[in-house]
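Below is one structure, written out as C-alpha cells; the observations come after it.
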Amino acid sequence: VDGQQFSQITGYIGKVNKTDLEDEYYYTTDTVGRLGVEAQYEEILRGEHGRIFFSNGKDENLNKESIQGKNLVLNIDYELQEKLYEEMRVVLASAGLSRGSAIIQNPQNGAVLAMVSFPSFDSNIFIKGLSENQFKNLFESRTKPLFNRVISGLYNPGSTIKPFMGMTALQEGIITPKDTIRDCVSLVIPNPSDVNDPYVFKNWRQDFGLFNLRRAIAQSCNIFFFTVGGGFGSIPGLGADRIVKYLTASLASVKLGIDLPGEEQGFVPTPDWKLQTRGENWYQGDTYNISIGQGDLLVTPLWLNSYISAISLAGQDNVGTIYKPMVAQRITNEKN
C-alpha cells in the first residue's frame, strides 16, 4: 500500500541471486529483502521453510510445517509520512527540482516518525518483474531513485551548522550571549602572498547594526560566524582544531547506527588531512568556510536532524538519554 510514499523505508523484495544462494537457507524459488527494513530485518521477517517428504508409509513422518516470519512494527507514523511526502513533492515541484530529502524524529529517543527521499520509487513494480524501461529508470538514472538521501547523501550543511558553531563558541568562552559585532556585510583579511590583494569574505546580503548570537542565527549572518569560527579583530575565534574536536565529539564523522542499510558517515576536514591529500596548508579562509557549513565539511541529513534534536533536549531531565535513530519499534509474533 502506498509504495511510492513508503518505499525508501520499507525497501522491496526480489528474487534470490547467486550470492544469496551461498546462504544455505535460501532455495532458488525464494525472494529476499532488498533495501530498507526488508533488507535490514530479512532474517527476522523471512520465517522458516517447510518440508514435505514422500514415503511408503513405513518411514517416520519427516514433514515439517513452515513457520511464518515475525512482524516488524515501525516507529513510522502513517499520516505523518504521507503528509511529509506530499509537502516535499509540492515544494520540489514548485522550485523545479527533483531531488531532496526530509526526516522527522522524536527528539526524546531518536524514533524516526517520517522519512522521504526524492525521487522515490514504487516498490510494487518489483513483484511482477521489471520492464527494460523500469530497470533503466531505477538503476541507470542520474537521479538515483533507489538512493536514500537522508542516510546516504553527504552534503555541505550550510547555514544549518551555525547554531552548532554558536554553541561551541559559547562553550569555549569565545563569546558571551551579549557580545556583538557591527554590521553583517564583509570582512577583509591579509593575503600573505600579495599584500595588495587581500581576501574579502562577504555576507550573502548586506545587514547593518549590532549582531549578537541570537540575531546572527536569526539573520543567518555569515560575518558573525566567520568571526567566532576563524577569528577577526579582538575575537580570537575557535580555530580549526577546536571546531574539529566538537564536530567529532558530536559524531559528525561516524555512522549513527540507524537500522537501515546504506548509512554513510560524514566528513570533517582537518589541517593534516588537507596537507596530506592536497599538499596544501590550511588557511584562515578554510576555517571560515567550515564555520558556515561550506568547504569540505560534509554531513548527512540524518546527522543534521540529530544534532538539532540534541538542542531541543537541552535543559530537560533526560538530556543524558542515549539517542539513536531507529525506524523499527518492536518485533512481534502477532498475526496480522
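We name chains A, B, ... following the order of the C-alpha cells; residues begin at 1 in each chain, and ligands are numbered from 1 as shown.
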
What are the closest atom pairs, with distances in Å to one decimal, for each residue of stretch 217-242 of chain A lying within 12 Å of stretch 247-261 of chain A, using only C-alpha atoms, rows by chain and rising residue number, as a Markdown table?
```
| residue | atom | partner | partner_atom | distance |
| --- | --- | --- | --- | --- |
| A:Ala240 | CA | A:Leu247 | CA | 10.5 |
| A:Asp241 | CA | A:Leu247 | CA | 10.0 |
| A:Arg242 | CA | A:Leu247 | CA | 8.6 |
```

Please write the residues from the selection above to a file, keeping all heavy atoms, as a CSV table (one decimal), in the first residue's frame.
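Output file result-v4.csv is given in full below:
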```csv
chain,number,residue,atom,x,y,z
A,240,ALA,N,40.5,25.9,13.8
A,240,ALA,CA,40.1,24.6,13.2
A,240,ALA,C,40.2,23.5,14.2
A,240,ALA,O,39.3,22.6,14.1
A,240,ALA,CB,41.1,24.3,12.0
A,241,ASP,N,41.2,23.4,15.0
A,241,ASP,CA,41.3,22.3,15.9
A,241,ASP,C,40.1,22.1,16.9
A,241,ASP,O,39.6,21.0,17.1
A,241,ASP,CB,42.6,22.4,16.7
A,241,ASP,CG,43.9,22.2,15.9
A,241,ASP,OD1,43.7,21.7,14.8
A,241,ASP,OD2,44.9,22.6,16.3
A,242,ARG,N,39.7,23.2,17.4
A,242,ARG,CA,38.5,23.1,18.3
A,242,ARG,C,37.2,22.8,17.6
A,242,ARG,O,36.4,22.1,18.1
A,242,ARG,CB,38.4,24.4,19.2
A,242,ARG,CG,39.4,24.4,20.3
A,242,ARG,CD,39.1,25.6,21.3
A,242,ARG,NE,39.5,26.9,20.8
A,242,ARG,CZ,39.6,28.0,21.5
A,242,ARG,NH1,39.3,27.9,22.8
A,242,ARG,NH2,40.0,29.1,21.0
```

Near-stretch 84-88 of chain A list (8 Å; only C-alpha atoms; drop same-chain fewer than 6 positions) as a list of chain:residue names: A:Gln5, A:Gly100, A:Ser101, A:Ala102, A:Ala114, A:Met115, A:Val116

- request: Write out as a ChimeraX atom specification the residues lying within 9 Å of stretch 144-156 of chain A, counting only C-alpha atoms and excluding same-chain residues fewer than 3 positions away.
  value: /A:7-9,11,35,99-103,115-121,137-141,258,260-267,290,293-303

DSSP helix (DSSP H, G or I) selection over stretch 160-259 of chain A, as a PyMOL selection string: chain A and resi 160-171+213-218+222-230+239-249

- request: Measuring atom to atom with only C-alpha atoms, identify which of A:Ile223, A:Ile292, A:Ile125, A:Leu275 is nearest to A:Asp2.
  value: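 Nearest to A:Asp2: A:Ile125.
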
- request: Rounded to one decimal place, report the atom CA of A:Asp197-atom CA of A:Cys221 distance in Å.
  value: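 These two atoms are separated by 24.4 Å.
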
task: Enumerate, as an NGL selection string, the complete set of residues in stretch 40-120 of chain A that a backbone-based DSSP assignment places in strand (DSSP E or B).
output: :A and (48 or 51 or 64 or 67 or 71-74 or 100-105 or 111-118)
